[in-house]
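Peer 1: Structure: target31.txt, compact mmCIF, C-alpha atoms.
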```txt
# COMPACT_ATOMS: atom_id res chain seq x y z
CA MET A 1 43.63 -14.71 -24.72
CA ALA A 2 42.63 -15.69 -21.19
CA ASN A 3 42.20 -12.03 -20.39
CA SER A 4 39.76 -11.49 -23.27
CA ARG A 5 37.78 -14.54 -22.11
CA VAL A 6 37.55 -13.13 -18.62
CA LEU A 7 36.43 -9.80 -20.07
CA ALA A 8 33.79 -11.51 -22.22
CA LEU A 9 32.56 -13.47 -19.20
CA ARG A 10 32.38 -10.30 -17.14
CA GLN A 11 30.47 -8.53 -19.89
CA SER A 12 27.94 -11.34 -20.26
CA LEU A 13 27.51 -11.52 -16.47
CA ARG A 14 26.93 -7.79 -16.31
CA PHE A 15 24.44 -7.99 -19.17
CA THR A 16 22.54 -10.87 -17.47
CA GLY A 17 22.56 -8.98 -14.18
CA GLU A 18 21.13 -5.90 -15.85
CA LEU A 19 18.44 -7.98 -17.53
CA LEU A 20 17.50 -9.61 -14.21
CA PHE A 21 17.34 -6.17 -12.62
CA TRP A 22 15.39 -4.35 -15.32
CA ILE A 23 12.91 -6.98 -16.56
CA PRO A 24 10.99 -7.21 -13.24
CA ILE A 25 11.11 -3.42 -12.85
CA ILE A 26 9.70 -2.84 -16.34
CA PHE A 27 7.12 -5.60 -15.95
CA PHE A 28 5.82 -4.40 -12.58
CA SER A 29 5.94 -0.74 -13.67
CA LEU A 30 3.78 -1.47 -16.71
CA LEU A 31 1.49 -3.61 -14.56
CA LEU A 32 1.08 -0.68 -12.17
CA VAL A 33 0.24 1.62 -15.09
CA TYR A 34 -2.26 -0.94 -16.38
CA ASN A 35 -3.88 -1.26 -12.95
CA THR A 36 -4.15 2.52 -12.67
CA LEU A 37 -6.22 2.83 -15.85
CA PRO A 38 -9.59 1.82 -14.29
CA TYR A 39 -9.43 4.86 -11.97
CA PHE A 40 -9.85 7.10 -15.00
CA SER A 41 -13.38 5.85 -15.39
CA PHE A 42 -13.91 8.21 -12.41
CA ARG A 43 -16.15 5.66 -10.71
CA SER A 44 -16.27 5.79 -6.94
CA ASP A 45 -17.19 2.14 -6.41
CA LEU A 46 -13.60 0.93 -6.79
CA ALA A 47 -12.22 -0.77 -3.67
CA PHE A 48 -9.35 1.69 -3.17
CA ILE A 49 -11.72 4.66 -3.32
CA GLN A 50 -14.40 2.96 -1.21
CA GLU A 51 -11.82 2.53 1.53
CA ARG A 52 -11.14 6.29 1.39
CA ILE A 53 -14.68 7.43 0.69
CA LYS A 54 -14.58 9.94 3.57
CA LEU A 55 -11.56 11.59 1.98
CA PHE A 56 -13.01 11.35 -1.50
CA ILE A 57 -15.76 13.79 -0.50
CA ASN A 58 -13.08 16.47 -0.08
CA PRO A 59 -12.56 17.95 -3.60
CA ILE A 60 -8.92 18.88 -2.89
CA TRP A 61 -8.10 15.30 -1.97
CA LYS A 62 -10.13 13.96 -4.90
CA TYR A 63 -8.39 16.12 -7.51
CA SER A 64 -5.02 15.51 -5.85
CA PHE A 65 -5.65 11.79 -6.13
CA TYR A 66 -6.42 11.88 -9.85
CA ILE A 67 -3.53 14.24 -10.60
CA HIS A 68 -1.18 12.08 -8.52
CA ILE A 69 -2.05 8.80 -10.25
CA ALA A 70 -1.87 10.40 -13.69
CA ALA A 71 1.51 11.91 -12.78
CA GLY A 72 2.64 8.53 -11.47
CA MET A 73 1.79 6.89 -14.78
CA PHE A 74 3.85 9.43 -16.72
CA CYS A 75 6.75 9.19 -14.24
CA ILE A 76 6.94 5.44 -14.34
CA THR A 77 6.78 5.21 -18.14
CA THR A 78 9.14 8.08 -18.92
CA ALA A 79 11.70 7.01 -16.31
CA ILE A 80 12.06 3.53 -17.85
CA THR A 81 13.95 4.99 -20.83
CA GLN A 82 16.16 7.31 -18.77
CA PHE A 83 18.74 4.81 -17.57
CA SER A 84 19.41 3.18 -20.92
CA SER A 85 23.00 3.79 -21.96
CA TYR A 86 21.99 3.07 -25.57
CA ILE A 87 19.42 5.89 -25.56
CA LEU A 88 21.89 8.19 -23.82
CA ARG A 89 24.57 7.56 -26.47
CA LYS A 90 22.52 7.16 -29.64
CA ARG A 91 19.20 8.91 -29.02
CA LYS A 92 19.97 11.70 -26.60
CA ALA A 93 16.88 13.69 -27.63
CA ILE A 94 14.65 10.94 -26.17
CA HIS A 95 16.53 11.22 -22.87
CA VAL A 96 16.22 15.00 -22.84
CA TYR A 97 12.50 15.17 -23.70
CA ALA A 98 11.48 12.23 -21.50
CA GLY A 99 13.57 13.77 -18.71
CA ARG A 100 11.80 17.11 -19.07
CA ILE A 101 8.41 15.39 -18.87
CA TYR A 102 9.55 13.41 -15.81
CA VAL A 103 10.89 16.47 -14.00
CA PHE A 104 7.86 18.61 -14.80
CA VAL A 105 5.44 15.87 -13.74
CA VAL A 106 7.27 15.21 -10.46
CA LEU A 107 7.91 18.80 -9.43
CA VAL A 108 4.61 20.35 -10.46
CA LEU A 109 2.11 17.46 -10.21
CA GLY A 110 3.33 14.30 -8.46
CA ALA A 111 5.23 15.57 -5.43
CA PRO A 112 2.87 18.41 -4.33
CA THR A 113 -0.24 16.21 -4.63
CA GLY A 114 1.59 13.35 -2.94
CA LEU A 115 2.63 15.64 -0.12
CA TYR A 116 -0.95 16.82 0.42
CA MET A 117 -2.36 13.28 0.39
CA SER A 118 0.35 11.93 2.70
CA PHE A 119 -1.23 13.80 5.62
CA PHE A 120 -4.23 11.49 5.28
CA ALA A 121 -2.39 8.30 4.35
CA LYS A 122 -3.46 4.96 5.71
CA GLY A 123 -1.70 3.71 8.81
CA GLY A 124 -0.48 5.39 11.96
CA TYR A 125 1.36 8.67 12.40
CA TRP A 126 4.68 7.04 11.53
CA GLU A 127 3.29 5.81 8.20
CA LYS A 128 1.99 9.32 7.48
CA ALA A 129 5.43 10.68 8.32
CA CYS A 130 6.97 8.12 5.99
CA PHE A 131 4.73 9.29 3.12
CA ILE A 132 5.56 12.94 3.87
CA PHE A 133 9.27 12.10 3.85
CA MET A 134 8.82 10.26 0.54
CA ALA A 135 7.10 13.22 -1.10
CA LEU A 136 9.72 15.67 0.18
CA PHE A 137 12.68 13.49 -0.77
CA TRP A 138 11.18 12.77 -4.19
CA PHE A 139 10.81 16.49 -4.77
CA LEU A 140 14.25 17.34 -3.41
CA SER A 141 16.10 14.66 -5.39
CA THR A 142 14.34 15.63 -8.64
CA TYR A 143 14.94 19.31 -7.93
CA MET A 144 18.64 18.64 -7.32
CA GLY A 145 18.78 16.47 -10.45
CA LEU A 146 17.50 19.39 -12.50
CA GLU A 147 19.76 21.93 -10.82
CA THR A 148 22.87 19.80 -11.38
CA VAL A 149 22.12 19.19 -15.06
CA ARG A 150 21.57 22.92 -15.52
CA LYS A 151 25.07 23.41 -14.12
CA LYS A 152 26.35 20.66 -16.49
CA ASN A 153 27.35 18.44 -13.55
CA ILE A 154 26.34 15.14 -15.20
CA VAL A 155 27.76 12.82 -12.53
CA ALA A 156 25.83 14.53 -9.75
CA HIS A 157 22.77 14.70 -12.04
CA SER A 158 22.80 10.92 -12.58
CA HIS A 159 23.17 10.34 -8.82
CA TRP A 160 20.26 12.59 -7.90
CA MET A 161 18.07 11.11 -10.62
CA ILE A 162 18.80 7.57 -9.35
CA ARG A 163 17.59 8.75 -5.92
CA SER A 164 14.53 10.35 -7.50
CA TYR A 165 13.69 7.21 -9.47
CA SER A 166 14.12 5.08 -6.35
CA MET A 167 11.37 7.15 -4.71
CA ALA A 168 9.13 6.90 -7.80
CA LEU A 169 9.63 3.13 -7.76
CA THR A 170 8.35 2.80 -4.17
CA ALA A 171 4.86 2.68 -5.72
CA VAL A 172 5.93 -0.48 -7.56
CA THR A 173 8.04 -2.16 -4.86
CA PHE A 174 5.43 -1.45 -2.19
CA ARG A 175 2.87 -3.50 -4.14
CA VAL A 176 5.34 -6.31 -4.76
CA TYR A 177 6.22 -6.56 -1.04
CA HIS A 178 2.54 -6.26 -0.13
CA LEU A 179 1.72 -9.19 -2.38
CA LEU A 180 4.63 -11.28 -1.07
CA PHE A 181 3.73 -10.68 2.58
CA PHE A 182 0.07 -11.35 1.81
CA TYR A 183 0.98 -14.79 0.49
CA ALA A 184 3.32 -15.26 3.45
CA GLY A 185 0.21 -14.96 5.65
CA MET A 186 0.89 -11.58 7.26
CA ASP A 187 -2.22 -9.73 8.39
CA HIS A 188 -3.32 -6.73 6.35
CA PHE A 189 -2.33 -3.92 8.73
CA ASN A 190 1.13 -5.16 9.62
CA ASN A 191 1.64 -6.03 5.97
CA TYR A 192 0.80 -2.46 4.93
CA ALA A 193 3.21 -0.86 7.39
CA VAL A 194 6.05 -3.34 6.83
CA SER A 195 5.73 -3.17 3.03
CA LEU A 196 5.77 0.62 3.14
CA TRP A 197 8.87 0.90 5.31
CA ILE A 198 10.75 -1.83 3.47
CA SER A 199 9.95 -0.33 0.09
CA VAL A 200 11.09 3.17 1.11
CA VAL A 201 14.19 2.21 3.09
CA GLY A 202 15.04 -0.67 0.75
CA ASN A 203 14.80 1.49 -2.38
CA MET A 204 16.95 4.18 -0.78
CA LEU A 205 19.59 1.62 0.20
CA VAL A 206 19.58 0.08 -3.29
CA ALA A 207 19.89 3.56 -4.83
CA GLU A 208 22.82 4.44 -2.56
CA TYR A 209 24.49 1.11 -3.35
CA ILE A 210 24.13 1.74 -7.11
CA ILE A 211 25.51 5.26 -6.66
CA TYR A 212 28.42 3.87 -4.62
CA ARG A 213 29.17 1.31 -7.32
CA LYS A 214 28.93 3.94 -10.05
CA SER A 215 31.16 6.33 -8.11
CA ASN A 216 33.73 3.61 -7.58
CA SER A 217 33.88 2.74 -11.26
CA TYR A 218 33.91 6.44 -12.12
CA LEU A 219 36.85 7.06 -9.79
CA LYS A 220 38.63 4.05 -11.25
CA THR A 221 38.34 5.48 -14.77
CA LEU A 222 39.69 8.79 -13.49
CA ASN A 223 42.69 7.05 -11.97
CA LEU A 224 43.34 5.21 -15.21
CA SER A 225 43.19 8.32 -17.29
CA THR A 226 45.60 10.30 -15.08
CA MET B 1 13.26 26.54 -16.23
CA LYS B 2 13.74 28.82 -13.26
CA THR B 3 10.03 29.63 -13.38
CA ILE B 4 9.08 25.95 -13.17
CA LEU B 5 11.36 25.51 -10.17
CA ASN B 6 9.80 28.50 -8.44
CA ILE B 7 6.26 27.36 -9.25
CA SER B 8 7.01 23.84 -7.99
CA LEU B 9 8.46 25.20 -4.75
CA LEU B 10 5.37 27.36 -4.30
CA LEU B 11 3.12 24.34 -4.96
CA MET B 12 5.00 22.30 -2.36
CA VAL B 13 4.53 25.06 0.22
CA VAL B 14 0.81 25.31 -0.65
CA ALA B 15 0.39 21.51 -0.45
CA ALA B 16 2.19 21.34 2.89
CA SER B 17 0.13 24.23 4.29
CA ALA B 18 -3.20 22.86 3.03
CA GLY B 19 -2.33 19.36 4.22
CA THR B 20 -1.30 20.59 7.66
CA ALA B 21 -4.38 22.81 7.99
CA ASN B 22 -6.78 20.03 6.98
CA PHE B 23 -4.95 17.51 9.13
CA VAL B 24 -5.09 19.79 12.20
CA SER B 25 -8.80 20.50 11.73
CA MET B 26 -9.53 16.77 11.31
CA TYR B 27 -7.32 15.94 14.29
CA ARG B 28 -9.14 18.45 16.48
CA SER B 29 -12.55 17.16 15.46
CA GLY B 30 -11.37 13.57 15.93
CA ASP B 31 -12.14 12.66 12.32
CA ILE B 32 -8.54 11.72 11.53
CA ASP B 33 -8.95 8.36 13.26
CA LYS B 34 -12.27 7.73 11.52
CA ILE B 35 -11.04 8.03 7.92
CA TYR B 36 -10.29 4.35 7.65
CA ASP B 37 -12.67 3.26 10.41
CA HIS B 38 -14.03 0.40 8.40
CA GLY B 39 -10.53 -0.61 7.39
CA THR B 40 -8.32 -0.18 10.43
CA LYS B 41 -10.30 -0.89 13.55
CA PRO B 42 -11.03 -4.55 14.09
CA GLU B 43 -13.70 -3.74 16.69
CA ILE B 44 -15.94 -2.26 14.03
CA VAL B 45 -17.50 -4.83 11.84
CA GLN B 46 -17.18 -4.41 8.08
CA ALA B 47 -20.93 -4.59 7.89
CA SER B 48 -21.19 -1.14 9.45
CA VAL B 49 -19.97 0.33 6.16
CA GLU B 50 -21.78 -2.00 3.84
CA PRO B 51 -25.10 -2.78 5.49
CA GLU B 52 -26.01 -5.25 2.77
CA THR B 53 -23.33 -7.63 4.01
CA ILE B 54 -25.09 -8.16 7.33
CA VAL B 55 -28.44 -8.88 5.79
CA GLU B 56 -27.46 -12.50 6.04
CA PRO B 57 -29.67 -14.79 8.03
CA VAL B 58 -28.41 -15.31 11.55
CA VAL B 59 -27.42 -18.86 12.33
CA GLU B 60 -28.74 -20.15 15.59
CA GLU B 61 -27.30 -23.30 16.99
CA GLU B 62 -29.68 -25.98 18.09
CA VAL B 63 -28.36 -28.96 19.97
CA ILE B 64 -29.96 -32.27 19.10
CA THR B 65 -28.93 -35.18 21.23
CA GLU B 66 -29.30 -38.55 19.65
CA PRO B 67 -30.30 -41.01 22.36
CA GLU B 68 -29.50 -44.08 20.23
CA ALA B 69 -25.86 -43.11 19.96
CA SER B 70 -24.05 -45.18 22.58
CA SER B 71 -20.97 -42.98 22.56
CA GLY B 72 -23.00 -39.97 23.66
CA VAL B 73 -21.88 -37.84 20.71
CA THR B 74 -24.02 -34.78 20.12
CA LYS B 75 -24.67 -33.17 16.78
CA VAL B 76 -25.06 -29.48 16.19
CA GLU B 77 -27.33 -28.51 13.38
CA PRO B 78 -27.54 -24.90 12.34
CA LYS B 79 -30.99 -23.46 12.15
CA ILE B 80 -31.61 -20.40 10.03
CA VAL B 81 -33.43 -17.65 11.83
CA GLU B 82 -34.69 -14.78 9.71
CA GLU B 83 -34.47 -11.45 11.50
CA ASP B 84 -36.01 -8.11 10.72
CA MET B 85 -33.73 -6.20 8.32
CA ILE B 86 -33.80 -2.98 10.32
CA GLU B 87 -32.86 -4.86 13.44
CA GLU B 88 -30.07 -6.65 11.58
CA GLU B 89 -28.07 -3.45 11.29
CA GLU B 90 -27.84 -3.21 15.07
CA ILE B 91 -27.76 -6.87 16.02
CA LEU B 92 -24.96 -9.11 14.95
CA ALA B 93 -26.21 -12.41 16.28
CA THR B 94 -28.84 -14.01 18.46
CA THR B 95 -27.59 -16.43 21.07
CA THR B 96 -29.36 -19.71 21.78
CA ASP B 97 -30.96 -18.24 24.91
CA GLY B 98 -32.37 -15.41 22.81
CA ALA B 99 -29.93 -12.69 23.87
CA LYS B 100 -28.80 -10.22 21.20
CA VAL B 101 -25.18 -9.36 20.47
CA SER B 102 -24.74 -5.78 19.37
CA ARG B 103 -21.80 -4.12 17.68
CA GLU B 104 -21.05 -2.16 20.85
CA GLN B 105 -20.95 -5.32 22.91
CA LEU B 106 -18.58 -6.87 20.42
CA ALA B 107 -16.37 -3.78 20.40
CA ALA B 108 -16.22 -3.75 24.21
CA ALA B 109 -15.46 -7.46 24.53
CA PRO B 110 -11.82 -8.32 25.29
CA GLN B 111 -9.82 -9.85 22.47
CA THR B 112 -7.91 -13.08 23.03
CA ILE B 113 -5.41 -14.87 20.84
CA VAL B 114 -6.20 -18.54 20.45
CA THR B 115 -3.57 -20.97 19.22
CA ASP B 116 -4.85 -23.65 16.89
CA THR B 117 -2.35 -26.48 17.27
CA VAL B 118 -4.06 -28.59 14.60
CA ASN B 119 -3.75 -26.00 11.81
CA HIS B 120 -0.61 -24.39 13.24
CA THR B 121 -2.12 -20.94 13.24
CA LYS B 122 -3.46 -18.29 15.60
CA TYR B 123 -6.83 -16.59 15.73
CA ALA B 124 -8.07 -13.40 17.36
CA GLU B 125 -11.29 -14.18 19.19
CA LYS B 126 -13.89 -12.31 21.18
CA LYS B 127 -16.54 -13.79 23.42
CA VAL B 128 -19.85 -12.08 24.02
CA GLY B 129 -22.05 -14.14 26.31
CA LYS B 130 -22.18 -17.60 24.82
CA LYS B 131 -21.28 -16.42 21.34
CA LYS B 132 -17.75 -16.52 20.04
CA PHE B 133 -16.52 -14.29 17.23
CA ARG B 134 -13.33 -14.79 15.26
CA LEU B 135 -11.46 -12.23 13.18
CA SER B 136 -11.83 -13.35 9.61
CA MET B 137 -8.69 -14.34 7.76
CA TYR B 138 -10.24 -14.11 4.35
CA SER B 139 -11.65 -10.62 4.47
CA ARG B 140 -9.43 -7.75 3.33
CA ALA B 141 -11.08 -5.42 5.82
CA PRO B 142 -11.38 -6.78 9.39
CA LEU B 143 -14.54 -8.74 9.89
CA TRP B 144 -15.62 -10.54 13.04
CA GLU B 145 -17.32 -13.77 12.12
CA GLU B 146 -19.43 -15.83 14.43
CA VAL B 147 -17.80 -19.13 15.31
CA GLU B 148 -19.97 -22.18 15.00
CA GLU B 149 -19.11 -24.57 17.79
CA VAL B 150 -18.98 -28.21 16.75
CA ALA B 151 -18.71 -29.60 20.24
CA SER B 152 -21.61 -28.59 22.42
CA ALA B 153 -21.25 -27.70 26.08
CA ASP B 154 -23.74 -30.46 26.82
CA SER B 155 -21.40 -33.16 25.55
CA THR B 156 -18.79 -32.26 28.16
CA ALA B 157 -21.28 -31.65 30.93
CA PRO B 158 -20.68 -33.57 34.16
CA GLY B 159 -22.57 -36.82 34.44
CA LYS B 160 -22.22 -37.65 30.75
```
Would you write out, as structure tokens, the structure that this file holds?
Peer 2:
Amino acid sequence: MANSRVLALRQSLRFTGELLFWIPIIFFSLLLVYNTLPYFSFRSDLAFIQERIKLFINPIWKYSFYIHIAAGMFCITTAITQFSSYILRKRKAIHVYAGRIYVFVVLVLGAPTGLYMSFFAKGGYWEKACFIFMALFWFLSTYMGLETVRKKNIVAHSHWMIRSYSMALTAVTFRVYHLLFFYAGMDHFNNYAVSLWISVVGNMLVAEYIIYRKSNSYLKTLNLST
Amino acid sequence: MKTILNISLLLMVVAASAGTANFVSMYRSGDIDKIYDHGTKPEIVQASVEPETIVEPVVEEEVITEPEASSGVTKVEPKIVEEDMIEEEEILATTTDGAKVSREQLAAAPQTIVTDTVNHTKYAEKKVGKKKFRLSMYSRAPLWEEVEEVASADSTAPGK
């Protein structure tokens, strides 16, 4: 009896933890998508574009920018459904089709345009290098995620896709950190660099921690079954 | 599926090559540091990008000493001086002795960090002649604002 109570408590704690993890992610992801919409008016008087007006004159950068933000919107929205165990078990078709959209958008649109734009990113050379690394790692992790699922290696697929999603989410976490540091009184330039590095390194660490936890529980189930 | 993977790899190579080529050409011409000029270099005033922001009237300080005040306190009343709009783009402020402060002068002036013990904060300041400029805290892009001195130099002058 006591054992079932402990199990129920564990289950409810896990459920609450998942809610606390996913609700802010979904909220900020949808907020990011909502904030991206005004760019599709194709006006150049928006603050973000005004800051990069010298780059905006270059048609390659301009088209890369629009493709990248459109790709980002699709990535963020399609990826939200991908980690739901309910969808995976009951509605696998949603996982498959949303996954195909995500992979196509990242590999063909998001990562190449991101890589091109990262050469002209705001900040110093280290920040540019950080953006280049992000684009390459995003591409690589998505590529590996696709390759592993093609080879029916589901465990490795889920690990690579967690890494890929952690890179996609840097767009969200970067803005959250930027806002927090802004209210903490940090000046704009330090805030930009610190938020960027924390969001990239932090997301990677969180992804690796989740993978470690998943691997541990996976290994435990293997031990139980043998 | 294999085709998409090949196309994506090709796109990544093209993006990396185009990015590197454009970056190198901009680096050689020195344009790479000027992309975010108005956003990253505090020496350049925001007004250089948006000229309409500097078409504000320049505030000139005028010191009025009140002889009836026994404590010898001086008041500083700002006096609005309208300047020619064309000249405004080049001149940031006019000092009380009539000297002009240009953007170049402001850029060349050394920056000092001033600790405000009252508000428990720090400011970046530049001094050009008698004028003091402070890096704005409320502007997203760096903006050097002229500091209006409350206490006049006359009030602390010897013999007072």
Peer 1: May I have the residues within 8 Å of range 126-133 of chain B as a ChimeraX atom specification, using all atoms listed in the file and disregarding those fewer than 2 positions away in the same chain?
Peer 2: /B:95,101,105-106,109-112,124,135,144-148
Peer 1: Select, as a PyMOL selection string, those residues of chain A with any atom no more than 8 Å from chain B (distances computed using all atoms listed in the file).
Peer 2: chain A and resi 51-52+54-55+104+107-108+111-113+115-117+119-120+122-123+143+187-189
Peer 1: Do you have the CA of Ala156 in chain A-CA of Ile210 in chain A distance handy?
Peer 2: 13.2 Å
Peer 1: How big is the axis-aligned box around all listed atoms of range 204-209 of chain A once 6 Å goes on each side, and where's its centre, in Å to one decimal, as JSON?
Peer 2:
```
{"center_x": 20.7, "center_y": 2.3, "center_z": -2.3, "size_x": 19.5, "size_y": 16.4, "size_z": 17.0}
```
Peer 1: For Ala70 in chain A, find every residue with an atom within 10 Å (counting only C-alpha atoms), except residues of its own chain fewer than 4 positions away, and show them as a ChimeraX atom specification.
Peer 2: /A:33,36-37,39-40,64-66,74-75,105,109-110
Peer 1: When you draw a straight line from CA of His157 in chain A to CA of Glu208 in chain A, how long is it in Å?
Peer 2: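 Separating CA of His157 in chain A from CA of Glu208 in chain A is a distance of 14.0 Å.
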Peer 1: To one decimal place in Å, what is the distance between CA of Ile26 in chain A and CA of Thr173 in chain A?
Peer 2: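 It comes out at 11.6 Å.
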Peer 1: When you count all atoms listed in the file, which of these residues is closest to Ala71 in chain A: A:Lys128, A:Ser84, A:Asn190, A:Ala168?
Peer 2: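 Under the stated criterion, the closest residue is A:Ala168.
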Peer 1: Give me, as number ranges by chain, all polymer residues having an atom no more than 12 Å from Lys214 in chain A, counting all atoms listed in the file and skipping those fewer than 3 positions away in the same chain.
Peer 2: A: 155-156, 158-159, 162, 207-211, 217-221
Peer 1: Extract, using all atoms listed in the file, all DNA, RNA and protein residues at most 10 Å from Leu32 in chain A, discarding same-chain residues fewer than 5 positions from it, and format them as a VMD selection string.
Peer 2: chain A and resid 26 to 27 37 72 to 73 76 171 to 172 175
Peer 1: Please produce range 8-24 of chain B, completed to N, CA, C and O atoms, as a PDB file, in the coordinates of the input.
Peer 2:
```
ATOM      1  N   SER B   8       7.058  25.123  -8.704  1.00  0.00           N
ATOM      2  CA  SER B   8       7.010  23.840  -7.990  1.00  0.00           C
ATOM      3  C   SER B   8       7.258  24.026  -6.499  1.00  0.00           C
ATOM      4  O   SER B   8       6.603  23.388  -5.665  1.00  0.00           O
ATOM      5  N   LEU B   9       8.191  24.915  -6.174  1.00  0.00           N
ATOM      6  CA  LEU B   9       8.460  25.200  -4.750  1.00  0.00           C
ATOM      7  C   LEU B   9       7.228  25.801  -4.086  1.00  0.00           C
ATOM      8  O   LEU B   9       6.853  25.424  -2.965  1.00  0.00           O
ATOM      9  N   LEU B  10       6.596  26.716  -4.814  1.00  0.00           N
ATOM     10  CA  LEU B  10       5.370  27.360  -4.300  1.00  0.00           C
ATOM     11  C   LEU B  10       4.274  26.318  -4.094  1.00  0.00           C
ATOM     12  O   LEU B  10       3.590  26.316  -3.060  1.00  0.00           O
ATOM     13  N   LEU B  11       4.140  25.403  -5.063  1.00  0.00           N
ATOM     14  CA  LEU B  11       3.120  24.340  -4.960  1.00  0.00           C
ATOM     15  C   LEU B  11       3.384  23.435  -3.754  1.00  0.00           C
ATOM     16  O   LEU B  11       2.446  23.015  -3.079  1.00  0.00           O
ATOM     17  N   MET B  12       4.651  23.146  -3.514  1.00  0.00           N
ATOM     18  CA  MET B  12       5.000  22.300  -2.360  1.00  0.00           C
ATOM     19  C   MET B  12       4.615  23.008  -1.052  1.00  0.00           C
ATOM     20  O   MET B  12       4.089  22.376  -0.131  1.00  0.00           O
ATOM     21  N   VAL B  13       4.874  24.288  -1.000  1.00  0.00           N
ATOM     22  CA  VAL B  13       4.530  25.060   0.220  1.00  0.00           C
ATOM     23  C   VAL B  13       3.013  25.074   0.403  1.00  0.00           C
ATOM     24  O   VAL B  13       2.506  24.859   1.512  1.00  0.00           O
ATOM     25  N   VAL B  14       2.287  25.288  -0.714  1.00  0.00           N
ATOM     26  CA  VAL B  14       0.810  25.310  -0.650  1.00  0.00           C
ATOM     27  C   VAL B  14       0.281  23.944  -0.212  1.00  0.00           C
ATOM     28  O   VAL B  14      -0.593  23.859   0.659  1.00  0.00           O
ATOM     29  N   ALA B  15       0.843  22.877  -0.794  1.00  0.00           N
ATOM     30  CA  ALA B  15       0.390  21.510  -0.450  1.00  0.00           C
ATOM     31  C   ALA B  15       0.654  21.206   1.016  1.00  0.00           C
ATOM     32  O   ALA B  15      -0.212  20.650   1.713  1.00  0.00           O
ATOM     33  N   ALA B  16       1.842  21.591   1.483  1.00  0.00           N
ATOM     34  CA  ALA B  16       2.190  21.340   2.890  1.00  0.00           C
ATOM     35  C   ALA B  16       1.272  22.130   3.820  1.00  0.00           C
ATOM     36  O   ALA B  16       0.788  21.591   4.825  1.00  0.00           O
ATOM     37  N   SER B  17       0.992  23.394   3.448  1.00  0.00           N
ATOM     38  CA  SER B  17       0.130  24.230   4.290  1.00  0.00           C
ATOM     39  C   SER B  17      -1.288  23.688   4.310  1.00  0.00           C
ATOM     40  O   SER B  17      -1.908  23.557   5.383  1.00  0.00           O
ATOM     41  N   ALA B  18      -1.822  23.382   3.115  1.00  0.00           N
ATOM     42  CA  ALA B  18      -3.200  22.860   3.030  1.00  0.00           C
ATOM     43  C   ALA B  18      -3.317  21.520   3.754  1.00  0.00           C
ATOM     44  O   ALA B  18      -4.286  21.295   4.492  1.00  0.00           O
ATOM     45  N   GLY B  19      -2.325  20.671   3.554  1.00  0.00           N
ATOM     46  CA  GLY B  19      -2.330  19.360   4.220  1.00  0.00           C
ATOM     47  C   GLY B  19      -2.300  19.508   5.726  1.00  0.00           C
ATOM     48  O   GLY B  19      -3.081  18.872   6.441  1.00  0.00           O
ATOM     49  N   THR B  20      -1.403  20.380   6.208  1.00  0.00           N
ATOM     50  CA  THR B  20      -1.300  20.590   7.660  1.00  0.00           C
ATOM     51  C   THR B  20      -2.596  21.164   8.211  1.00  0.00           C
ATOM     52  O   THR B  20      -3.089  20.706   9.251  1.00  0.00           O
ATOM     53  N   ALA B  21      -3.143  22.167   7.519  1.00  0.00           N
ATOM     54  CA  ALA B  21      -4.380  22.810   7.990  1.00  0.00           C
ATOM     55  C   ALA B  21      -5.529  21.802   8.063  1.00  0.00           C
ATOM     56  O   ALA B  21      -6.233  21.723   9.088  1.00  0.00           O
ATOM     57  N   ASN B  22      -5.701  21.038   6.999  1.00  0.00           N
ATOM     58  CA  ASN B  22      -6.780  20.030   6.980  1.00  0.00           C
ATOM     59  C   ASN B  22      -6.548  18.953   8.023  1.00  0.00           C
ATOM     60  O   ASN B  22      -7.489  18.507   8.686  1.00  0.00           O
ATOM     61  N   PHE B  23      -5.285  18.557   8.158  1.00  0.00           N
ATOM     62  CA  PHE B  23      -4.950  17.510   9.130  1.00  0.00           C
ATOM     63  C   PHE B  23      -5.259  17.998  10.553  1.00  0.00           C
ATOM     64  O   PHE B  23      -5.878  17.275  11.341  1.00  0.00           O
ATOM     65  N   VAL B  24      -4.857  19.238  10.852  1.00  0.00           N
ATOM     66  CA  VAL B  24      -5.090  19.790  12.200  1.00  0.00           C
ATOM     67  C   VAL B  24      -6.580  19.893  12.495  1.00  0.00           C
ATOM     68  O   VAL B  24      -7.037  19.508  13.578  1.00  0.00           O
TER      69      VAL B  24
END
```
